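Have a look at data.cif below; it lists mmCIF, C-alpha atoms.
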```
data_protein
loop_
_atom_site.label_atom_id
_atom_site.label_comp_id
_atom_site.auth_asym_id
_atom_site.auth_seq_id
_atom_site.Cartn_x
_atom_site.Cartn_y
_atom_site.Cartn_z
CA MET I 1 0.00 0.00 0.00
CA VAL I 2 1.26 3.45 -0.89
CA GLU I 3 1.44 5.85 2.00
CA ILE I 4 -0.04 9.34 1.52
CA PRO I 5 2.67 11.97 2.02
CA GLN I 6 2.53 13.80 5.39
CA VAL I 7 2.10 17.20 3.74
CA ILE I 8 -1.04 16.22 1.87
CA ARG I 9 -2.50 14.56 4.96
CA ALA I 10 -1.90 17.68 7.00
CA PHE I 11 -3.41 20.02 4.43
CA GLY I 12 -6.26 17.57 4.06
CA THR I 13 -7.23 18.28 7.66
CA THR I 14 -7.18 22.00 6.93
CA PHE I 15 -9.22 21.48 3.80
CA LEU I 16 -11.85 19.35 5.54
CA ASN I 17 -12.24 22.00 8.26
CA MET I 18 -13.41 24.46 5.62
CA PHE I 19 -16.67 22.53 5.38
CA LYS I 20 -17.33 22.46 9.13
CA LYS I 21 -19.89 24.77 10.67
CA PRO I 22 -18.34 27.66 12.61
CA ILE I 23 -18.68 27.21 16.38
CA THR I 24 -18.76 30.92 17.18
CA GLU I 25 -21.77 32.13 19.17
CA GLN I 26 -22.97 35.43 17.75
CA TYR I 27 -23.51 36.76 21.27
CA PRO I 28 -25.46 40.00 21.17
CA GLU I 29 -27.32 39.28 17.93
CA GLU I 30 -28.32 35.67 18.49
CA LYS I 31 -28.21 35.35 22.24
CA HIS I 32 -31.65 33.76 22.35
CA LEU I 33 -30.08 30.71 20.67
CA TYR I 34 -27.62 30.22 23.52
CA PRO I 35 -29.50 30.71 26.76
CA PRO I 36 -27.78 29.72 30.00
CA LYS I 37 -28.78 26.38 31.54
CA PRO I 38 -31.91 26.57 33.71
CA ARG I 39 -29.78 25.95 36.81
CA PHE I 40 -27.47 28.90 35.99
CA HIS I 41 -26.80 31.20 38.95
CA GLY I 42 -27.75 34.67 37.81
CA ARG I 43 -29.26 37.73 39.44
CA HIS I 44 -31.40 37.06 42.52
CA GLN I 45 -35.14 37.42 42.76
CA LEU I 46 -37.37 37.99 45.79
CA ASN I 47 -40.49 35.95 45.17
CA ARG I 48 -44.12 36.61 46.02
CA TYR I 49 -47.03 34.42 47.03
CA ALA I 50 -49.83 33.98 44.51
CA ASP I 51 -51.77 36.92 46.02
CA GLY I 52 -48.82 39.32 45.82
CA LEU I 53 -47.59 39.22 49.42
CA GLU I 54 -43.81 38.95 49.72
CA LYS I 55 -42.27 35.67 50.78
CA CYS I 56 -39.31 37.31 52.53
CA ILE I 57 -39.71 37.33 56.31
CA GLY I 58 -36.58 39.35 57.06
CA CYS I 59 -34.88 36.53 59.00
CA GLU I 60 -31.39 37.40 57.67
CA LEU I 61 -30.45 33.74 57.22
CA CYS I 62 -29.28 34.58 53.68
CA ALA I 63 -27.05 37.33 55.02
CA TRP I 64 -25.59 34.92 57.59
CA ALA I 65 -25.00 32.23 54.98
CA CYS I 66 -23.29 34.61 52.57
CA PRO I 67 -19.54 33.89 52.44
CA ALA I 68 -18.79 37.28 50.90
CA ASP I 69 -21.04 39.39 53.18
CA ALA I 70 -22.83 40.71 50.11
CA ILE I 71 -26.37 40.73 51.54
CA TYR I 72 -27.78 43.29 53.92
CA VAL I 73 -31.25 42.73 55.40
CA GLU I 74 -33.23 44.73 57.87
CA GLY I 75 -36.48 43.17 59.04
CA GLU I 76 -39.47 44.91 60.54
CA GLU I 77 -42.76 43.89 62.18
CA ASN I 78 -45.84 43.59 60.01
CA THR I 79 -48.84 45.49 61.34
CA ASP I 80 -52.50 44.95 60.49
CA GLU I 81 -52.57 48.29 58.65
CA GLU I 82 -49.44 47.63 56.65
CA ARG I 83 -48.75 43.99 55.86
CA PHE I 84 -46.08 43.00 53.36
CA SER I 85 -45.75 39.30 54.14
CA PRO I 86 -47.82 36.69 55.96
CA GLY I 87 -46.63 36.11 59.52
CA GLU I 88 -44.87 38.45 61.90
CA ARG I 89 -42.06 40.10 60.03
CA PHE I 90 -40.99 41.22 56.57
CA GLY I 91 -37.75 42.37 55.00
CA LYS I 92 -37.83 46.17 55.03
CA VAL I 93 -34.39 46.76 53.58
CA TYR I 94 -32.96 44.17 51.27
CA GLN I 95 -29.74 44.89 49.45
CA ILE I 96 -27.39 42.68 47.51
CA ASN I 97 -24.01 44.04 46.54
CA TYR I 98 -23.25 42.41 43.21
CA LEU I 99 -19.64 43.52 43.43
CA ARG I 100 -19.24 41.14 46.38
CA CYS I 101 -21.74 38.43 45.45
CA ILE I 102 -20.01 35.34 44.07
CA MET I 103 -23.28 33.70 42.92
CA CYS I 104 -22.62 30.60 45.01
CA GLY I 105 -26.29 30.10 45.90
CA LEU I 106 -25.76 29.48 49.62
CA CYS I 107 -28.34 32.20 50.33
CA ILE I 108 -30.90 30.29 48.27
CA GLU I 109 -30.19 27.13 50.25
CA ALA I 110 -30.52 29.04 53.51
CA CYS I 111 -33.85 30.70 52.71
CA PRO I 112 -36.59 29.01 54.76
CA THR I 113 -39.53 30.29 52.67
CA ARG I 114 -38.03 30.04 49.17
CA ALA I 115 -38.31 33.81 49.04
CA LEU I 116 -34.90 34.13 47.44
CA THR I 117 -34.14 32.34 44.19
CA MET I 118 -31.88 33.04 41.27
CA THR I 119 -32.86 34.02 37.75
CA ASN I 120 -30.91 33.40 34.56
CA GLU I 121 -30.25 37.08 33.99
CA PHE I 122 -26.53 37.77 33.79
CA GLU I 123 -26.03 41.08 32.00
CA LEU I 124 -25.13 43.03 35.12
CA ALA I 125 -22.07 45.06 34.15
CA ASP I 126 -22.25 48.76 34.98
CA ASP I 127 -20.01 51.80 35.18
CA GLU I 128 -20.41 52.71 38.84
CA ARG I 129 -20.04 50.78 42.07
CA GLY I 130 -23.17 52.31 43.55
CA LYS I 131 -25.38 51.11 40.71
CA LEU I 132 -24.40 47.51 41.42
CA ILE I 133 -25.90 47.49 44.90
CA TYR I 134 -29.38 46.21 44.09
CA GLU I 135 -32.21 47.34 46.36
CA LYS I 136 -35.36 45.44 47.24
CA SER I 137 -37.24 47.24 44.45
CA ASP I 138 -34.74 45.94 41.90
CA LEU I 139 -34.90 42.38 43.18
CA LEU I 140 -38.63 41.88 43.79
CA ALA I 141 -40.37 39.55 41.35
CA PRO I 142 -42.73 41.24 38.89
CA LEU I 143 -46.44 41.14 39.66
CA LEU I 144 -48.09 38.36 37.73
CA PRO I 145 -51.76 38.44 36.73
CA GLY I 146 -53.91 37.79 39.80
CA MET I 147 -51.45 39.41 42.19
CA ALA I 148 -52.04 42.61 44.14
CA PRO I 149 -49.01 44.67 45.20
CA ALA I 150 -48.16 44.58 48.93
CA PRO I 151 -49.02 46.00 51.45
CA HIS I 152 -52.43 44.39 51.94
CA SER I 153 -53.96 41.93 54.40
CA MET I 154 -53.76 38.14 54.19
CA VAL I 155 -56.52 36.16 52.50
CA GLU I 156 -59.49 36.03 54.90
CA GLY I 157 -59.38 33.03 57.22
CA PHE I 158 -55.86 32.00 56.15
CA THR I 159 -52.89 31.84 58.49
CA ASP I 160 -49.22 32.13 57.62
CA ARG I 161 -49.03 28.32 57.75
CA ASP I 162 -51.58 28.09 54.93
CA TYR I 163 -49.40 30.42 52.92
CA TYR I 164 -46.31 28.25 53.49
CA SER I 165 -48.18 25.13 52.44
CA GLY I 166 -49.20 26.78 49.18
CA LYS I 167 -52.97 26.98 49.69
CA VAL I 168 -53.22 30.55 48.41
CA THR I 169 -54.09 30.72 44.73
CA GLY I 170 -54.65 34.40 44.03
CA ALA I 171 -55.64 37.80 45.37
CA THR I 172 -59.19 38.19 46.66
CA PRO I 173 -61.30 41.25 45.68
CA LYS I 174 -60.82 42.61 49.22
CA GLN I 175 -57.03 42.43 48.86
CA ILE I 176 -57.12 44.10 45.44
CA GLU I 177 -59.20 46.92 46.89
CA GLU I 178 -56.77 47.36 49.80
CA ALA I 179 -53.79 47.38 47.45
CA GLY I 180 -55.55 49.97 45.29
CA ASN I 181 -55.87 52.30 48.26
CA MET O 182 -5.22 63.98 22.35
CA GLY O 183 -4.62 65.78 19.08
CA ILE O 184 -6.14 68.44 16.86
CA GLU O 185 -9.72 67.29 17.62
CA GLU O 186 -9.31 68.68 21.14
CA LYS O 187 -8.84 72.19 19.73
CA LEU O 188 -12.06 72.30 17.70
CA PRO O 189 -14.70 74.84 18.72
CA ALA O 190 -17.90 73.45 20.27
CA GLY O 191 -20.81 72.86 17.89
CA VAL O 192 -21.99 70.67 15.03
CA LEU O 193 -18.46 70.08 13.70
CA LEU O 194 -17.16 68.89 17.07
CA THR O 195 -20.21 66.64 17.56
CA SER O 196 -19.62 64.89 14.23
CA VAL O 197 -15.91 64.56 14.96
CA GLU O 198 -16.81 63.06 18.34
CA GLN O 199 -18.99 60.46 16.64
CA ILE O 200 -16.30 59.56 14.10
CA VAL O 201 -13.54 59.40 16.71
CA GLY O 202 -15.83 57.38 18.99
CA TYR O 203 -16.62 54.96 16.17
CA ALA O 204 -12.94 54.49 15.35
CA ARG O 205 -11.89 54.04 18.95
CA ARG O 206 -14.78 51.71 19.72
CA ASN O 207 -13.98 49.38 16.86
CA SER O 208 -10.27 49.06 17.43
CA LEU O 209 -9.89 48.33 21.12
CA TRP O 210 -6.83 46.25 21.79
CA PRO O 211 -6.82 44.51 25.14
CA ALA O 212 -3.67 44.06 27.20
CA THR O 213 -3.07 40.65 28.73
CA PHE O 214 -3.70 41.04 32.42
CA GLY O 215 -5.04 37.75 33.68
CA LEU O 216 -4.45 37.36 37.40
CA ALA O 217 -6.61 34.45 38.49
CA CYS O 218 -9.54 32.25 37.52
CA CYS O 219 -11.28 35.07 35.63
CA ALA O 220 -8.41 34.91 33.16
CA ILE O 221 -9.64 31.47 32.05
CA GLU O 222 -12.97 33.00 31.03
CA MET O 223 -11.11 35.90 29.41
CA MET O 224 -9.11 33.42 27.34
CA ALA O 225 -12.34 31.69 26.36
CA VAL O 226 -13.60 35.04 25.07
CA GLY O 227 -10.49 35.33 22.93
CA ALA O 228 -10.94 31.82 21.52
CA GLY O 229 -13.15 30.56 18.71
CA LYS O 230 -16.43 30.03 20.51
CA PHE O 231 -16.90 33.64 21.62
CA ASP O 232 -14.29 35.34 19.46
CA ILE O 233 -13.80 38.98 20.42
CA ALA O 234 -12.20 39.52 17.03
CA ARG O 235 -15.80 40.06 15.90
CA PHE O 236 -15.60 43.41 17.71
CA GLY O 237 -12.26 44.40 16.20
CA MET O 238 -10.36 43.47 19.34
CA GLU O 239 -8.26 40.72 17.75
CA THR O 240 -5.68 39.16 20.03
CA PHE O 241 -4.60 40.15 23.50
CA ARG O 242 -1.44 42.21 23.28
CA ALA O 243 1.41 41.12 25.50
CA SER O 244 2.92 44.60 25.43
CA PRO O 245 1.05 47.47 27.13
CA ARG O 246 2.44 49.85 24.50
CA GLN O 247 0.20 48.24 21.91
CA ALA O 248 -2.91 48.06 24.04
CA ASP O 249 -5.62 50.53 25.01
CA LEU O 250 -7.91 48.35 27.10
CA MET O 251 -6.88 46.64 30.31
CA ILE O 252 -9.14 43.81 31.43
CA VAL O 253 -8.14 43.25 35.05
CA ALA O 254 -9.19 39.63 35.39
CA GLY O 255 -8.82 38.37 38.93
CA ARG O 256 -7.98 39.43 42.46
CA VAL O 257 -5.23 42.04 42.76
CA SER O 258 -2.94 41.43 45.71
CA GLN O 259 -1.26 44.34 47.47
CA LYS O 260 2.01 43.23 45.93
CA MET O 261 0.54 43.19 42.42
CA ALA O 262 -0.98 46.67 42.72
CA PRO O 263 2.17 48.67 41.79
CA VAL O 264 2.77 46.34 38.83
CA LEU O 265 -0.80 46.87 37.66
CA ARG O 266 -0.36 50.62 37.90
CA GLN O 267 2.89 50.48 35.97
CA ILE O 268 1.28 48.48 33.16
CA TYR O 269 -1.54 51.02 33.08
CA ASP O 270 0.90 53.94 32.97
CA GLN O 271 2.76 52.33 30.07
CA MET O 272 -0.38 52.09 27.95
CA PRO O 273 -0.80 54.95 25.47
CA GLY O 274 -3.90 57.09 25.95
CA PRO O 275 -6.82 57.07 25.42
CA LYS O 276 -7.14 53.94 27.53
CA TRP O 277 -9.88 52.10 29.35
CA VAL O 278 -10.12 49.61 32.18
CA ILE O 279 -12.63 46.82 32.80
CA ALA O 280 -12.66 45.38 36.32
CA MET O 281 -13.62 41.81 35.52
CA GLY O 282 -15.13 39.74 38.29
CA VAL O 283 -16.03 40.62 41.85
CA CYS O 284 -12.46 40.39 43.17
CA ALA O 285 -11.14 43.02 40.78
CA SER O 286 -14.24 45.18 41.27
CA SER O 287 -14.43 45.25 45.05
CA GLY O 288 -12.28 42.53 46.58
CA GLY O 289 -15.19 40.10 46.43
CA MET O 290 -15.15 37.42 49.06
CA PHE O 291 -11.52 38.17 49.88
CA ASN O 292 -12.12 40.92 52.39
CA ASN O 293 -8.65 40.71 53.91
CA TYR O 294 -5.33 42.50 54.15
CA ALA O 295 -3.72 40.72 51.21
CA ILE O 296 -6.15 41.82 48.49
CA VAL O 297 -6.77 45.30 47.12
CA GLN O 298 -10.45 46.04 47.74
CA GLY O 299 -11.20 46.96 44.15
CA VAL O 300 -8.78 48.02 41.42
CA ASP O 301 -10.36 51.46 41.40
CA HIS O 302 -8.02 52.14 44.33
CA VAL O 303 -5.17 51.88 41.84
CA VAL O 304 -6.47 52.73 38.35
CA PRO O 305 -9.63 54.47 37.09
CA VAL O 306 -12.21 51.82 36.16
CA ASP O 307 -14.73 52.33 33.34
CA ILE O 308 -16.84 49.19 33.67
CA TYR O 309 -17.39 46.95 36.67
CA LEU O 310 -18.34 43.40 35.84
CA PRO O 311 -19.75 41.20 38.60
CA GLY O 312 -19.62 37.41 38.62
CA CYS O 313 -17.27 34.83 40.05
CA PRO O 314 -16.02 34.29 37.46
CA PRO O 315 -18.32 35.99 34.92
CA ARG O 316 -19.28 33.76 32.02
CA PRO O 317 -17.80 34.80 28.66
CA GLU O 318 -21.11 36.34 27.57
CA MET O 319 -20.98 38.58 30.62
CA LEU O 320 -17.56 39.85 29.57
CA LEU O 321 -18.84 40.41 26.03
CA ASP O 322 -21.75 42.34 27.52
CA ALA O 323 -19.32 44.48 29.56
CA ILE O 324 -17.24 45.12 26.44
CA LEU O 325 -20.35 46.19 24.52
CA LYS O 326 -21.34 48.54 27.33
CA LEU O 327 -17.82 49.98 27.20
CA HIS O 328 -18.22 50.41 23.43
CA ASP O 329 -21.34 52.50 24.09
CA GLN O 330 -19.43 54.58 26.59
CA ILE O 331 -16.55 55.16 24.17
CA GLN O 332 -18.90 56.03 21.32
CA ASN O 333 -20.49 58.77 23.42
CA THR O 334 -17.27 60.19 24.86
CA LYS O 335 -17.08 63.94 24.53
CA LEU O 336 -14.03 65.81 23.28
CA GLY O 337 -12.43 69.24 23.68
CA ALA O 338 -14.85 72.02 24.60
CA HIS O 339 -17.75 69.58 25.09
CA ARG O 340 -15.69 67.53 27.55
CA VAL O 341 -14.76 70.65 29.51
CA ALA O 342 -18.43 71.62 29.70
CA GLU O 343 -19.37 68.06 30.75
CA ILE O 344 -16.81 68.05 33.57
CA ALA O 345 -18.06 71.46 34.78
CA GLN O 346 -21.63 70.10 34.75
CA GLN O 347 -20.62 66.99 36.70
CA GLU O 348 -18.83 69.18 39.23
CA VAL O 349 -21.99 71.23 39.81
CA VAL O 350 -24.04 68.05 40.31
CA ALA O 351 -21.43 66.53 42.63
CA LEU O 352 -21.34 69.65 44.79
CA ALA O 353 -25.14 69.65 45.09
CA THR O 354 -25.43 65.98 46.17
CA THR O 355 -25.91 65.11 49.81
CA PRO O 356 -22.74 63.58 51.24
CA LEU O 357 -23.08 59.89 52.13
CA ILE O 358 -22.58 60.60 55.81
CA GLU O 359 -25.63 62.88 55.87
CA MET O 360 -27.90 60.52 53.95
CA ARG O 361 -30.88 59.30 55.96
CA GLY O 362 -32.78 56.75 53.91
CA ALA O 363 -34.17 53.30 54.51
CA LEU O 364 -30.99 52.49 56.41
CA LYS O 365 -31.82 55.13 59.10
#
```
Can you turn what I pasted into structure tokens?
Amino acid sequence: MVEIPQVIRAFGTTFLNMFKKPITEQYPEEKHLYPPKPRFHGRHQLNRYADGLEKCIGCELCAWACPADAIYVEGEENTDEERFSPGERFGKVYQINYLRCIMCGLCIEACPTRALTMTNEFELADDERGKLIYEKSDLLAPLLPGMAPAPHSMVEGFTDRDYYSGKVTGATPKQIEEAGN
Amino acid sequence: MGIEEKLPAGVLLTSVEQIVGYARRNSLWPATFGLACCAIEMMAVGAGKFDIARFGMETFRASPRQADLMIVAGRVSQKMAPVLRQIYDQMPGPKWVIAMGVCASSGGMFNNYAIVQGVDHVVPVDIYLPGCPPRPEMLLDAILKLHDQIQNTKLGAHRVAEIAQQEVVALATTPLIEMRGALK
């Protein structure tokens, strides 16, 4: 058998590569084609119950779990006039410093009410340090249909335990009226 | 830098700004400054899958004299800080800096005596990029945001007016120590 010269074999590889599809991701133009994996650790989100009340109870467990000290929480008592979450307390101040946060997800593991989860959003770069400290208003989940913005009272006859066990399905007319005021 | 700085303010200067911005934006040459794990992602950006050559950035220059963008990728130790500054000083102007990753931006989880708590203590930073390390798309996003910034950079008389305006705003802001917000 005649052996193919090395030079031709080598250029053959080059030649064959001309017919391969390019592997380059066209990032800003075609980014919808390359979404991060669903488990990707992106920006945080503070979730709500189905009626719009916040899940965060201001317990600071996330802040304690944080290895980089990126989270600052200040809790306050809920009152009957102004209720942000079911139960006794809610997170009044909630800040995450994204210039410290290492996206490890320990805060998500620590959260007892699943109030804190992570989204797949990753385009966070900015030109000032101050802008990268996200406040509660930046982190709160958007209101879905059927939700009324807090503060408003709990669903009539429901306790905080019913909320935790997921029995609430949406805002009642009374809650919507309260939120409107 | 040159003759464009001497132009009188007005339509001419605005068009020159746009042209200069366009040229600068599309020929950024990054200096190699990988310090830690972020550098791996930075290398990935340079390679085929993400390919920053699409933005006219080509390869990373090993010499600061040929570079006008420094991507500080990784934690900067106190001992590295003077080296970083020297590299920055050797780069010809106009030059930009991206603090890539939380360690370069603020010290990140290394809040200790060995690490500089943000490279903005040493060099002026244009874009802060969070993430530990940021995925290559995040770096591309930061680069695109820097492109926007460069495109809209003012020159000459406009720049002088802009600085004066910023000074007025800065003087009118409440100092941090007097701020009484949600934090009491």
### 8 Å contact set for Leu139 (chain I), only C-alpha atoms, chain neighbours under 4 positions out, as a list in words
His44, Gln45, Leu46, Tyr134 and Glu135 of chain I
Saved selection, atoms kept: C-alpha atoms, as a PDB file, in the frame of the given file:
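Saved as part.pdb:
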```pdb
ATOM      1  CA  HIS I  44     -31.400  37.060  42.520  1.00  0.00           C
ATOM      2  CA  GLN I  45     -35.140  37.420  42.760  1.00  0.00           C
ATOM      3  CA  LEU I  46     -37.370  37.990  45.790  1.00  0.00           C
ATOM      4  CA  TYR I 134     -29.380  46.210  44.090  1.00  0.00           C
ATOM      5  CA  GLU I 135     -32.210  47.340  46.360  1.00  0.00           C
TER       6      GLU I 135
END
```
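Using all atoms listed in the file, the shortest contact distance between chain O and any of I:Cys111, I:Ala50, I:Leu99, I:Val2 is found at I:Leu99.
Set the cut-off at 7 Å, count all atoms listed in the file, and the residues of chain O near chain I turn out to be Gly229, Lys230, Phe231, Asp232, Val283, Ser286, Ser287, Gly289, Met290, Asp307, Ile308, Tyr309, Leu310, Pro311, Gly312, Cys313, Glu318, Met319, Asp322, Ala323 and Ala363 of chain O.
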### Query
Once the PyMOL selection byres ((chain O and resi 243-248) around 12) has been applied to the shown file, what residues remain in the selection, as JSON, numbers by chain?
{"O": [205, 208, 209, 210, 211, 212, 213, 214, 215, 238, 239, 240, 241, 242, 249, 250, 251, 252, 264, 265, 266, 267, 268, 269, 270, 271, 272, 273, 274, 275, 276, 277, 278]}
### Task
Please write as a PyMOL selection string the full residue list that the PyMOL selection byres ((chain O and resi 217) around 10) yields on this file.
chain O and resi 214-216+218-222+253-257+284-285+314
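Here CA of Gly202 (chain O) stands at a distance of 5.7 Å from CA of Ile331 (chain O).
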### Task
Please provide the set of residues having any atom within 6 Å of Ile71 (chain I), restricted to only C-alpha atoms, with same-chain residues fewer than 4 positions apart removed, written as an MDAnalysis selection string.
chainID I and resid 63 95:96
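Here the PyMOL selection byres ((chain I and resi 181) around 12) catches exactly these residues: Glu81, Glu82, Ala148, Pro149, Ala150, Pro151, His152, Lys174, Gln175, Ile176, Glu177, Glu178, Ala179 and Gly180 of chain I.
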### Query
Ser258 (chain O): which residues within 8 Å, counting only C-alpha atoms, same-chain residues fewer than 6 positions away excluded, as number ranges by chain?
O: 295-297
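From CA of Tyr294 (chain O) back to CA of Gln259 (chain O), the distance works out to 8.0 Å.
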Test item: axis-aligned box, all listed atoms of region 308-321 of chain O, 8 Å on each side, centre and edges in Å rounded to one decimal, as JSON:
```
{"center_x": -18.6, "center_y": 41.5, "center_z": 33.0, "size_x": 21.1, "size_y": 31.4, "size_z": 30.0}
```
### Query
By how many Å are CA of Val350 (chain O) and CA of Glu186 (chain O) apart?
24.2 Å
